[in-house]
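Listing of structure.txt; format and content: compact mmCIF, C-alpha atoms.
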```txt
# COMPACT_ATOMS: atom_id res chain seq x y z
CA MET A 1 21.91 29.53 -43.51
CA ALA A 2 19.63 26.49 -43.60
CA ASP A 3 17.46 25.82 -40.56
CA PHE A 4 18.89 22.76 -38.77
CA LYS A 5 16.25 20.69 -37.00
CA ARG A 6 17.59 18.29 -34.41
CA PRO A 7 16.15 14.74 -34.53
CA GLU A 8 13.70 13.75 -31.83
CA TRP A 9 16.08 11.26 -30.22
CA TRP A 10 18.65 14.03 -29.72
CA LEU A 11 16.15 16.09 -27.76
CA MET A 12 15.60 13.16 -25.40
CA TRP A 13 19.07 13.31 -23.85
CA PRO A 14 18.50 16.35 -21.59
CA LEU A 15 15.17 14.87 -20.46
CA LEU A 16 16.73 11.49 -19.81
CA LEU A 17 19.60 12.91 -17.78
CA LYS A 18 17.29 15.19 -15.82
CA TRP A 19 14.98 12.38 -14.71
CA LEU A 20 17.77 9.91 -14.08
CA LEU A 21 19.21 12.42 -11.62
CA LEU A 22 15.93 13.40 -9.95
CA SER A 23 14.57 9.84 -9.80
CA THR A 24 17.80 8.51 -8.34
CA LEU A 25 17.74 11.18 -5.62
CA VAL A 26 14.14 10.28 -4.82
CA ALA A 27 15.07 6.59 -4.74
CA VAL A 28 17.97 7.10 -2.35
CA LEU A 29 15.78 9.10 0.03
CA ALA A 30 12.76 6.79 -0.14
CA GLY A 31 14.78 3.56 -0.12
CA SER A 32 16.79 4.65 2.89
CA ALA A 33 13.66 5.78 4.74
CA SER A 34 11.94 2.46 3.99
CA ALA A 35 14.98 0.50 5.18
CA PHE A 36 14.95 2.33 8.52
CA PHE A 37 11.18 1.91 8.74
CA LEU A 38 11.36 -1.86 8.11
CA TRP A 39 14.08 -2.18 10.74
CA ALA A 40 11.94 -0.25 13.25
CA LEU A 41 8.89 -2.30 12.32
CA ASP A 42 10.77 -5.55 12.86
CA TRP A 43 11.90 -4.30 16.27
CA ALA A 44 8.34 -3.29 17.19
CA THR A 45 6.90 -6.65 16.11
CA THR A 46 9.56 -8.66 17.96
CA THR A 47 9.11 -6.58 21.09
CA ARG A 48 5.33 -6.98 21.02
CA ASP A 49 5.59 -10.74 20.50
CA THR A 50 8.04 -10.99 23.40
CA HIS A 51 5.85 -8.84 25.66
CA PRO A 52 2.21 -9.60 24.77
CA GLY A 53 1.00 -7.50 27.70
CA LEU A 54 1.85 -4.38 25.70
CA ILE A 55 -1.55 -4.74 24.03
CA TRP A 56 -3.15 -3.31 27.18
CA ALA A 57 -1.41 0.01 26.48
CA LEU A 58 -2.90 0.19 22.97
CA PRO A 59 -5.58 2.74 23.98
CA VAL A 60 -2.90 5.06 25.41
CA ALA A 61 -0.76 4.56 22.30
CA GLY A 62 -3.73 5.44 20.10
CA PHE A 63 -4.41 8.56 22.14
CA ALA A 64 -0.74 9.59 21.85
CA VAL A 65 -0.69 9.14 18.06
CA GLY A 66 -3.97 11.04 17.72
CA TRP A 67 -2.62 13.86 19.89
CA LEU A 68 0.61 14.13 17.88
CA TYR A 69 -1.38 14.50 14.67
CA LEU A 70 -3.82 16.92 16.28
CA VAL A 71 -1.00 19.21 17.42
CA TRP A 72 1.52 18.88 14.58
CA GLY A 73 0.00 16.86 11.79
CA GLN A 74 -3.43 18.19 10.84
CA SER A 75 -2.09 19.40 7.50
CA VAL A 76 -0.80 15.90 6.64
CA ASP A 77 -3.45 13.76 8.28
CA ALA A 78 -4.98 12.87 4.90
CA GLY A 79 -1.90 10.76 4.18
CA ASN A 80 -1.90 9.03 0.79
CA ASN A 81 -4.94 11.02 -0.27
CA LEU A 82 -3.02 14.26 0.26
CA LEU A 83 -0.28 13.04 -2.10
CA MET A 84 -2.83 12.07 -4.73
CA ASP A 85 -4.67 15.39 -4.42
CA GLU A 86 -1.39 17.28 -4.90
CA ILE A 87 -0.66 15.28 -8.04
CA HIS A 88 -4.13 15.98 -9.44
CA ASP A 89 -4.16 19.67 -8.45
CA PRO A 90 -0.78 20.97 -7.24
CA GLN A 91 -1.22 23.55 -4.48
CA LYS A 92 1.61 23.55 -1.94
CA ILE A 93 4.65 21.48 -0.98
CA ILE A 94 3.97 18.47 1.22
CA PRO A 95 5.33 19.34 4.70
CA LEU A 96 8.43 17.35 5.53
CA ARG A 97 6.98 16.49 8.93
CA MET A 98 4.66 14.00 7.20
CA ALA A 99 7.57 11.53 7.07
CA PRO A 100 8.56 11.39 10.78
CA LEU A 101 4.94 11.63 11.92
CA VAL A 102 3.70 8.68 9.89
CA LEU A 103 6.87 6.72 10.68
CA GLY A 104 6.48 7.23 14.42
CA GLY A 105 2.72 6.74 14.35
CA THR A 106 2.98 3.45 12.49
CA VAL A 107 5.76 2.01 14.64
CA ILE A 108 3.81 2.92 17.80
CA SER A 109 0.66 1.35 16.36
CA HIS A 110 2.51 -1.91 15.62
CA LEU A 111 4.41 -1.95 18.91
CA PHE A 112 1.19 -1.99 20.93
CA GLY A 113 -0.87 -4.25 18.66
CA ALA A 114 -3.00 -2.33 16.16
CA SER A 115 -3.90 -4.17 12.97
CA VAL A 116 -2.40 -1.87 10.34
CA GLY A 117 -0.01 -2.21 7.42
CA ARG A 118 3.11 -0.52 6.13
CA GLU A 119 2.50 0.58 2.53
CA GLY A 120 0.86 3.86 3.54
CA THR A 121 3.86 4.78 5.65
CA ALA A 122 6.43 4.02 2.95
CA VAL A 123 4.42 5.83 0.26
CA GLN A 124 3.91 8.92 2.43
CA MET A 125 7.58 9.06 3.39
CA GLY A 126 8.60 8.64 -0.25
CA GLY A 127 6.21 11.34 -1.43
CA ALA A 128 7.06 13.82 1.32
CA LEU A 129 10.81 13.40 0.84
CA ALA A 130 10.51 13.60 -2.95
CA ASP A 131 8.51 16.82 -2.75
CA GLN A 132 11.33 18.55 -0.89
CA LEU A 133 13.26 18.46 -4.18
CA THR A 134 10.62 20.76 -5.64
CA HIS A 135 12.07 23.68 -3.64
CA LEU A 136 15.65 22.64 -4.18
CA PHE A 137 15.38 22.43 -7.97
CA LYS A 138 12.52 24.95 -8.38
CA LEU A 139 10.37 22.43 -10.27
CA LYS A 140 7.29 23.51 -12.18
CA HIS A 141 3.85 21.98 -11.57
CA GLN A 142 4.18 19.31 -14.24
CA ASP A 143 7.59 18.18 -13.01
CA ARG A 144 6.32 18.24 -9.43
CA ARG A 145 3.54 15.82 -10.39
CA LEU A 146 6.08 13.44 -11.83
CA ILE A 147 8.43 13.59 -8.86
CA LEU A 148 5.56 12.91 -6.45
CA MET A 149 4.57 9.88 -8.53
CA ALA A 150 8.19 8.74 -8.45
CA GLY A 151 8.16 9.07 -4.67
CA ILE A 152 5.04 6.88 -4.45
CA SER A 153 6.63 4.24 -6.67
CA ALA A 154 9.89 4.31 -4.74
CA GLY A 155 8.17 3.92 -1.38
CA PHE A 156 5.96 1.05 -2.54
CA ALA A 157 8.79 -0.80 -4.30
CA SER A 158 11.27 -0.53 -1.44
CA VAL A 159 8.91 -1.60 1.32
CA PHE A 160 7.72 -4.75 -0.49
CA GLY A 161 10.75 -5.58 -2.62
CA THR A 162 8.71 -5.43 -5.83
CA PRO A 163 10.20 -2.80 -8.18
CA LEU A 164 8.01 -3.53 -11.23
CA ALA A 165 4.80 -3.51 -9.20
CA GLY A 166 5.96 -0.35 -7.43
CA ALA A 167 6.67 1.44 -10.71
CA VAL A 168 3.24 0.61 -12.14
CA PHE A 169 1.46 1.30 -8.85
CA GLY A 170 2.61 4.92 -8.99
CA LEU A 171 1.16 5.20 -12.50
CA GLU A 172 -2.04 3.24 -11.95
CA VAL A 173 -3.33 4.28 -8.54
CA LEU A 174 -4.18 7.91 -9.30
CA ALA A 175 -7.19 7.38 -11.54
CA ILE A 176 -9.37 4.45 -12.51
CA GLY A 177 -8.99 3.70 -16.19
CA ARG A 178 -5.86 5.75 -16.91
CA LEU A 179 -2.09 5.33 -16.79
CA ARG A 180 0.22 8.34 -16.80
CA TYR A 181 2.85 7.32 -19.37
CA ASP A 182 4.64 10.66 -19.09
CA ALA A 183 5.73 9.48 -15.63
CA LEU A 184 6.94 6.08 -16.83
CA LEU A 185 10.65 6.91 -16.77
CA PRO A 186 10.68 8.60 -13.33
CA CYS A 187 8.56 5.88 -11.74
CA VAL A 188 10.52 2.96 -13.18
CA VAL A 189 13.91 4.43 -12.29
CA ALA A 190 12.80 5.45 -8.80
CA ALA A 191 11.23 2.06 -8.06
CA VAL A 192 14.16 -0.02 -9.30
CA VAL A 193 16.83 2.09 -7.60
CA ALA A 194 14.88 2.41 -4.33
CA ASP A 195 14.55 -1.37 -4.13
CA GLN A 196 18.32 -1.72 -4.64
CA VAL A 197 19.02 0.95 -2.03
CA GLY A 198 16.95 -1.00 0.48
CA LEU A 199 18.87 -4.16 -0.31
CA LEU A 200 22.17 -2.31 0.13
CA TRP A 201 20.99 -1.27 3.59
CA GLY A 202 20.46 -4.96 4.40
CA VAL A 203 16.68 -5.15 4.09
CA HIS A 204 15.26 -8.69 3.96
CA HIS A 205 11.78 -9.23 2.54
CA THR A 206 9.55 -12.15 3.48
CA ALA A 207 9.79 -15.11 1.11
CA TYR A 208 6.44 -16.76 0.35
CA THR A 209 6.96 -20.29 -0.95
CA LEU A 210 4.59 -21.43 -3.68
CA ALA A 211 5.42 -25.13 -4.00
CA SER A 212 4.10 -25.57 -7.53
CA VAL A 213 1.80 -24.00 -10.08
CA PRO A 214 -0.62 -26.39 -11.79
CA ALA A 215 -0.97 -26.60 -15.55
CA VAL A 216 -3.45 -24.23 -17.16
CA THR A 217 -6.85 -25.87 -17.61
CA ALA A 218 -10.30 -24.62 -18.57
CA TRP A 219 -11.55 -25.15 -15.01
CA GLY A 220 -8.48 -23.46 -13.53
CA LEU A 221 -9.07 -20.33 -15.61
CA LEU A 222 -12.79 -20.25 -14.84
CA ALA A 223 -12.05 -20.74 -11.15
CA MET A 224 -9.77 -17.68 -11.24
CA VAL A 225 -12.60 -15.56 -12.60
CA LEU A 226 -15.01 -16.84 -9.93
CA ALA A 227 -12.48 -16.43 -7.13
CA GLY A 228 -11.62 -12.96 -8.45
CA ALA A 229 -15.26 -11.92 -8.12
CA VAL A 230 -15.21 -12.98 -4.45
CA PHE A 231 -11.91 -11.20 -3.90
CA GLY A 232 -13.24 -8.02 -5.52
CA LEU A 233 -16.39 -7.97 -3.40
CA THR A 234 -14.23 -8.52 -0.32
CA GLY A 235 -11.98 -5.61 -1.26
CA GLN A 236 -15.03 -3.43 -1.81
CA ALA A 237 -16.46 -4.42 1.58
CA PHE A 238 -13.14 -3.57 3.25
CA ALA A 239 -12.98 -0.12 1.64
CA HIS A 240 -16.62 0.71 2.39
CA SER A 241 -16.35 -0.48 6.00
CA THR A 242 -13.17 1.47 6.71
CA HIS A 243 -14.57 4.68 5.22
CA ALA A 244 -17.92 4.24 6.98
CA LEU A 245 -16.39 3.70 10.41
CA GLY A 246 -13.99 6.61 9.93
CA THR A 247 -16.86 8.92 8.97
CA PHE A 248 -19.04 7.69 11.85
CA MET A 249 -16.29 8.26 14.41
CA LYS A 250 -15.56 11.78 13.13
CA GLN A 251 -19.24 12.68 13.30
CA HIS A 252 -19.78 11.37 16.82
CA VAL A 253 -16.38 11.84 18.50
CA ALA A 254 -15.03 15.29 17.76
CA TYR A 255 -11.74 14.92 19.65
CA ALA A 256 -9.39 12.89 17.42
CA PRO A 257 -7.22 11.33 20.19
CA ALA A 258 -10.35 9.98 21.85
CA ARG A 259 -11.29 8.12 18.68
CA ALA A 260 -8.06 6.15 18.63
CA PHE A 261 -8.31 5.60 22.39
CA MET A 262 -11.73 4.00 21.95
CA GLY A 263 -10.51 1.87 19.07
CA GLY A 264 -7.58 0.72 21.17
CA VAL A 265 -9.88 -0.30 24.02
CA VAL A 266 -11.98 -2.45 21.68
CA VAL A 267 -9.00 -4.15 19.98
CA ALA A 268 -7.08 -4.78 23.22
CA ALA A 269 -10.10 -6.16 25.07
CA VAL A 270 -11.13 -8.54 22.29
CA VAL A 271 -7.57 -9.77 21.70
CA MET A 272 -6.86 -10.49 25.36
CA LEU A 273 -10.26 -11.95 26.22
CA TRP A 274 -10.41 -14.35 23.28
CA GLY A 275 -6.72 -14.84 22.49
CA LEU A 276 -6.90 -13.44 18.97
CA GLU A 277 -3.28 -12.28 18.62
CA ARG A 278 -3.15 -13.75 15.09
CA TYR A 279 -5.25 -10.81 13.85
CA ILE A 280 -3.04 -7.95 15.04
CA GLY A 281 0.13 -6.46 13.56
CA LEU A 282 1.23 -7.44 10.07
CA GLY A 283 0.27 -11.10 10.47
CA ILE A 284 3.08 -12.38 8.25
CA PRO A 285 3.37 -15.80 9.98
CA VAL A 286 -0.30 -16.48 9.24
CA MET A 287 0.18 -15.44 5.60
CA VAL A 288 3.09 -17.85 5.28
CA GLN A 289 0.93 -20.65 6.73
CA ALA A 290 -1.80 -19.92 4.19
CA PHE A 291 0.53 -21.18 1.45
CA GLU A 292 1.24 -24.44 3.25
CA GLN A 293 -1.80 -25.76 5.11
CA PRO A 294 -5.55 -25.27 5.61
CA LEU A 295 -6.44 -22.50 8.04
CA ALA A 296 -9.62 -21.53 9.85
CA PRO A 297 -12.10 -20.41 7.16
CA TRP A 298 -12.89 -17.22 9.10
CA ASP A 299 -9.32 -15.91 9.43
CA TRP A 300 -9.83 -13.42 6.60
CA LEU A 301 -12.91 -11.99 8.31
CA GLY A 302 -11.17 -11.69 11.67
CA LYS A 303 -8.31 -9.74 10.09
CA MET A 304 -10.75 -7.50 8.22
CA VAL A 305 -12.67 -6.59 11.38
CA PHE A 306 -9.54 -5.79 13.39
CA THR A 307 -8.07 -3.72 10.56
CA VAL A 308 -11.26 -1.78 9.93
CA VAL A 309 -11.50 -0.92 13.65
CA SER A 310 -7.82 0.08 13.83
CA LEU A 311 -7.76 2.25 10.71
CA GLY A 312 -11.29 3.57 11.11
CA THR A 313 -10.56 4.91 14.59
CA GLY A 314 -7.33 6.66 13.59
CA PHE A 315 -4.33 4.37 14.00
CA LYS A 316 -1.58 4.99 11.44
CA GLY A 317 -0.18 2.52 8.95
CA GLY A 318 -1.42 1.18 5.67
CA GLU A 319 -4.17 -0.94 4.23
CA VAL A 320 -2.20 -3.07 1.80
CA THR A 321 -0.50 -5.65 4.05
CA PRO A 322 -3.79 -6.39 5.86
CA LEU A 323 -5.35 -6.81 2.41
CA PHE A 324 -2.60 -9.31 1.57
CA TYR A 325 -3.49 -11.22 4.76
CA ILE A 326 -7.20 -11.10 3.98
CA GLY A 327 -6.63 -12.26 0.42
CA ALA A 328 -4.22 -15.08 1.28
CA THR A 329 -6.43 -16.53 4.00
CA LEU A 330 -9.61 -16.10 1.93
CA GLY A 331 -7.88 -17.87 -0.96
CA ASN A 332 -6.88 -20.62 1.47
CA ALA A 333 -10.53 -21.01 2.47
CA LEU A 334 -11.72 -21.09 -1.17
CA ALA A 335 -9.15 -23.68 -2.31
CA PRO A 336 -11.11 -26.80 -1.28
CA LEU A 337 -14.32 -25.41 -2.79
CA LEU A 338 -12.63 -24.71 -6.12
CA GLN A 339 -10.53 -27.91 -5.99
CA LEU A 340 -7.26 -26.07 -6.46
CA PRO A 341 -4.02 -26.08 -4.39
CA PHE A 342 -3.91 -24.00 -1.21
CA GLY A 343 -0.73 -22.28 -2.34
CA LEU A 344 -2.13 -21.15 -5.68
CA LEU A 345 -5.32 -19.66 -4.23
CA ALA A 346 -3.39 -18.06 -1.36
CA ALA A 347 -0.97 -16.43 -3.83
CA VAL A 348 -3.74 -15.24 -6.13
CA GLY A 349 -5.88 -13.98 -3.25
CA PHE A 350 -2.84 -12.22 -1.78
CA VAL A 351 -2.74 -9.82 -4.74
CA ALA A 352 -6.32 -9.94 -6.03
CA VAL A 353 -8.07 -8.50 -2.96
CA PHE A 354 -5.57 -5.66 -3.10
CA ALA A 355 -6.24 -5.25 -6.84
CA GLY A 356 -9.94 -4.76 -6.17
CA ALA A 357 -9.59 -2.54 -3.12
CA ALA A 358 -6.96 -0.25 -4.70
CA ASN A 359 -8.18 -0.54 -8.33
CA THR A 360 -4.69 -1.53 -9.48
CA PRO A 361 -4.96 -4.83 -11.42
CA ILE A 362 -1.78 -4.40 -13.47
CA ALA A 363 0.47 -3.57 -10.52
CA SER A 364 -1.08 -6.45 -8.57
CA THR A 365 -0.44 -8.94 -11.37
CA LEU A 366 3.19 -7.84 -11.60
CA MET A 367 3.50 -8.16 -7.84
CA ALA A 368 2.30 -11.77 -8.02
CA MET A 369 4.93 -12.57 -10.62
CA GLU A 370 7.70 -10.87 -8.63
CA LEU A 371 6.77 -12.56 -5.35
CA PHE A 372 5.68 -16.01 -6.52
CA GLY A 373 7.23 -16.51 -9.95
CA ALA A 374 6.24 -15.79 -13.53
CA GLU A 375 4.31 -19.07 -13.82
CA VAL A 376 1.51 -17.70 -11.63
CA GLY A 377 1.03 -14.69 -13.91
CA VAL A 378 -1.84 -16.07 -16.01
CA PHE A 379 -3.86 -17.10 -12.97
CA ALA A 380 -3.13 -13.87 -11.11
CA ALA A 381 -4.01 -11.70 -14.10
CA LEU A 382 -7.46 -13.28 -14.51
CA ALA A 383 -8.22 -13.05 -10.79
CA CYS A 384 -6.96 -9.45 -10.49
CA VAL A 385 -8.96 -8.25 -13.50
CA SER A 386 -12.08 -10.01 -12.24
CA SER A 387 -11.55 -8.53 -8.77
CA TYR A 388 -11.04 -5.08 -10.28
CA LEU A 389 -14.33 -5.31 -12.20
CA PHE A 390 -16.39 -6.61 -9.27
CA SER A 391 -15.04 -4.13 -6.70
CA GLY A 392 -16.97 -1.21 -8.19
CA HIS A 393 -15.77 2.36 -8.56
CA THR A 394 -14.77 3.06 -4.97
CA GLY A 395 -11.63 1.94 -3.17
CA ILE A 396 -9.36 2.46 -0.20
CA TYR A 397 -8.12 5.82 -1.57
CA ARG A 398 -10.76 8.53 -1.51
CA ALA A 399 -8.68 10.84 -3.72
CA GLN A 400 -8.55 8.28 -6.53
CA ARG A 401 -10.46 9.65 -9.53
CA ILE A 402 -12.51 7.97 -12.24
CA ASP A 403 -11.11 8.66 -15.68
CA HIS A 404 -12.86 5.82 -17.51
CA LYS A 405 -15.55 3.64 -16.00
CA LYS A 406 -14.78 -0.04 -15.65
CA HIS A 407 -17.83 -1.06 -17.66
CA LEU A 408 -20.91 0.46 -19.21
```

Re-express the file's structure as structure tokens.
Amino acid sequence: MADFKRPEWWLMWPLLLKWLLLSTLVAVLAGSASAFFLWALDWATTTRDTHPGLIWALPVAGFAVGWLYLVWGQSVDAGNNLLMDEIHDPQKIIPLRMAPLVLGGTVISHLFGASVGREGTAVQMGGALADQLTHLFKLKHQDRRLILMAGISAGFASVFGTPLAGAVFGLEVLAIGRLRYDALLPCVVAAVVADQVGLLWGVHHTAYTLASVPAVTAWGLLAMVLAGAVFGLTGQAFAHSTHALGTFMKQHVAYAPARAFMGGVVVAAVVMLWGLERYIGLGIPVMVQAFEQPLAPWDWLGKMVFTVVSLGTGFKGGEVTPLFYIGATLGNALAPLLQLPFGLLAAVGFVAVFAGAANTPIASTLMAMELFGAEVGVFAALACVSSYLFSGHTGIYRAQRIDHKKHL
């Protein structure tokens, strides 16, 4: 009997069905978790704005979060870096308690006024929930890598409402200079479905209005490269400062809850003494203003300092939304110097500082197009690539590896 060899496309069907099922399960879990998280975050922000005196309890809140992680969360304290390490070198299943711990820690941090973000929380919840399927389906190491990457993409996409950026972020963030195309299907499916799950739960994402995008000119393109260099150096400074303060505090304050307590004292005192509430929390109203009108040229620096202190002393959250704030307000400040519209530079800075700090220029460019329209893509791409090159080979994620150097 002749040997019958099935065509390659026929062999794809079991693989396709397998990852459609697994990625959809990951998406439902991560999208639902993100929807609840965004609801809780909105409640925390509204409550803090209504009761500004809550900022005085920030040191106690920091101590409480530090104590919770000291008692129950030491194995998951590395956060995003733990997920990335498990993808690089699979060792053991991510404990499920990572999800409620980072959720509670982030909501508490926002309720009392720390300057932290939300991406880290959504990504960690997505990764931790996705990894529970490893036991359920008895996945091998290679499949476990892919499902963790799908969890990262699902969390990112659902918390920002950017499925394409979320899909590519999960592929791009692990190593500088390399994309994992074997995870393309799981990450795309998980990101797209998770975003839809969030919408089904009634999630509403902030709309940033970019009034118009100017025609492409030689000066406009050159200005993007120049602005991108500034954005990249800013992202590098943010990453270095956050890591340096975190290391310093661990070396000089052994008791973790005390570190967050001290950070809370500094943030609360400065905010209340000088009325700097615009630099705490997510700062979305200030970001919206950056697209519409000139702001104080030091707003980006104020947000950077408050975020570095908050994250460096142990408050939980993410780095990405503060990077959006820093980028949008820095772009706003650069607009008059580069003779370009405030909205355009705010939009480009919004994604380009993140591109440099996270070493994810492709995901950042896609995010710009999803948030502000396809017309901004050319400008955003140039600025994100320039930022990526100028930010060096370090970033906000310590576990990110270097596969290919950015330049010789």

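Across A:Leu337, A:Ala122, A:Met287, A:Ile55, the tightest approach to A:Thr206 is made by A:Met287 when counting all atoms listed in the file.
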
- Query: What does the distance from atom CA of A:Ser75 to atom CA of A:Gln251 come to in Å, to one decimal?
  - Reply: 19.3 Å

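Counting from atom CA of A:Gly166, the distance to atom CA of A:Ser153 is 4.7 Å.
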
- Message: List the spatial neighbours of stretch 374-377 of chain A as a PyMOL selection string - criterion: any atom at most 9 Å away, all atoms listed in the file, same-chain residues fewer than 2 positions off excluded.
- Response: chain A and resi 213-214+344+347-348+365-366+368-372+379-382

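Nearest-residue note for A:Thr234: choosing from A:Gly349, A:Pro14, A:Gly62, A:Pro95, the minimum distance belongs to A:Gly349, counting all atoms listed in the file.
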
Taking 5 positions as the minimum chain separation for residues in the same chain, which residues sit within 10 Å of A:Leu174 when counting all atoms listed in the file? Answer as a PDB file with C-alpha atoms, keeping the file's coordinate frame.
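out.pdb written:
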```
ATOM      1  CA  ASN A  81      -4.940  11.020  -0.270  1.00  0.00           C
ATOM      2  CA  LEU A  83      -0.280  13.040  -2.100  1.00  0.00           C
ATOM      3  CA  MET A  84      -2.830  12.070  -4.730  1.00  0.00           C
ATOM      4  CA  ASP A  85      -4.670  15.390  -4.420  1.00  0.00           C
ATOM      5  CA  ILE A  87      -0.660  15.280  -8.040  1.00  0.00           C
ATOM      6  CA  HIS A  88      -4.130  15.980  -9.440  1.00  0.00           C
ATOM      7  CA  MET A 149       4.570   9.880  -8.530  1.00  0.00           C
ATOM      8  CA  PHE A 169       1.460   1.300  -8.850  1.00  0.00           C
ATOM      9  CA  LEU A 179      -2.090   5.330 -16.790  1.00  0.00           C
ATOM     10  CA  ARG A 180       0.220   8.340 -16.800  1.00  0.00           C
ATOM     11  CA  ALA A 358      -6.960  -0.250  -4.700  1.00  0.00           C
ATOM     12  CA  ASN A 359      -8.180  -0.540  -8.330  1.00  0.00           C
ATOM     13  CA  THR A 360      -4.690  -1.530  -9.480  1.00  0.00           C
ATOM     14  CA  TYR A 397      -8.120   5.820  -1.570  1.00  0.00           C
ATOM     15  CA  ALA A 399      -8.680  10.840  -3.720  1.00  0.00           C
ATOM     16  CA  GLN A 400      -8.550   8.280  -6.530  1.00  0.00           C
ATOM     17  CA  ARG A 401     -10.460   9.650  -9.530  1.00  0.00           C
ATOM     18  CA  ILE A 402     -12.510   7.970 -12.240  1.00  0.00           C
ATOM     19  CA  ASP A 403     -11.110   8.660 -15.680  1.00  0.00           C
TER      20      ASP A 403
END
```

Residues proximal to (-15.3, 4.1, -17.0) were defined as those with any atom within 10 Å of that point in the file's coordinates, counting all atoms listed in the file. Which are they, as a short mmCIF file (atom, residue, chain, number, x, y, z; two decimals) with C-alpha atoms, keeping the file's coordinate frame?
```cif
data_model
loop_
_atom_site.label_atom_id
_atom_site.label_comp_id
_atom_site.auth_asym_id
_atom_site.auth_seq_id
_atom_site.Cartn_x
_atom_site.Cartn_y
_atom_site.Cartn_z
CA ILE A 176 -9.37 4.45 -12.51
CA GLY A 177 -8.99 3.70 -16.19
CA ARG A 178 -5.86 5.75 -16.91
CA HIS A 393 -15.77 2.36 -8.56
CA ILE A 402 -12.51 7.97 -12.24
CA ASP A 403 -11.11 8.66 -15.68
CA HIS A 404 -12.86 5.82 -17.51
CA LYS A 405 -15.55 3.64 -16.00
CA LYS A 406 -14.78 -0.04 -15.65
CA HIS A 407 -17.83 -1.06 -17.66
CA LEU A 408 -20.91 0.46 -19.21
#
```

- Protein and nucleic acid residues near (-3.9, 7.9, 21.3) (cut-off 8 Å, all atoms listed in the file) as number ranges by chain: A: 58-67, 257-261

Selection export as a JSON list (two decimals), in the coordinates of the input, atoms kept: C-alpha atoms:
```
[["chain", "number", "residue", "atom", "x", "y", "z"],
["A", 58, "LEU", "CA", -2.90, 0.19, 22.97],
["A", 59, "PRO", "CA", -5.58, 2.74, 23.98],
["A", 60, "VAL", "CA", -2.90, 5.06, 25.41],
["A", 61, "ALA", "CA", -0.76, 4.56, 22.30],
["A", 62, "GLY", "CA", -3.73, 5.44, 20.10],
["A", 63, "PHE", "CA", -4.41, 8.56, 22.14],
["A", 64, "ALA", "CA", -0.74, 9.59, 21.85],
["A", 65, "VAL", "CA", -0.69, 9.14, 18.06],
["A", 66, "GLY", "CA", -3.97, 11.04, 17.72],
["A", 67, "TRP", "CA", -2.62, 13.86, 19.89],
["A", 257, "PRO", "CA", -7.22, 11.33, 20.19],
["A", 258, "ALA", "CA", -10.35, 9.98, 21.85],
["A", 259, "ARG", "CA", -11.29, 8.12, 18.68],
["A", 260, "ALA", "CA", -8.06, 6.15, 18.63],
["A", 261, "PHE", "CA", -8.31, 5.60, 22.39]]
```

Within 12 Å of stretch 132-136 of chain A: each stretch 140-166 of chain A residue with its shortest pair, only C-alpha atoms, as a tab-separated table:
```
residue	atom	partner	partner_atom	distance
A:Lys140	CA	A:Thr134	CA	7.8
A:His141	CA	A:Thr134	CA	9.1
A:Gln142	CA	A:Thr134	CA	10.8
A:Asp143	CA	A:Thr134	CA	8.4
A:Arg144	CA	A:Thr134	CA	6.3
A:Arg145	CA	A:Thr134	CA	9.9
A:Leu146	CA	A:Thr134	CA	10.6
A:Ile147	CA	A:Thr134	CA	8.2
A:Leu148	CA	A:Thr134	CA	9.4
A:Ala150	CA	A:Leu133	CA	11.8
A:Gly151	CA	A:Gln132	CA	10.7
```

- Please, what distance in Å, to one decimal, runs between atom CA of A:Val230 and atom CA of A:Gly327? 9.9 Å

- Near A:Val225, counting all atoms listed in the file, which residues have an atom at most 9 Å away, once you skip same-chain residues fewer than 6 positions from it, shown as a ChimeraX atom specification? /A:379,382-387
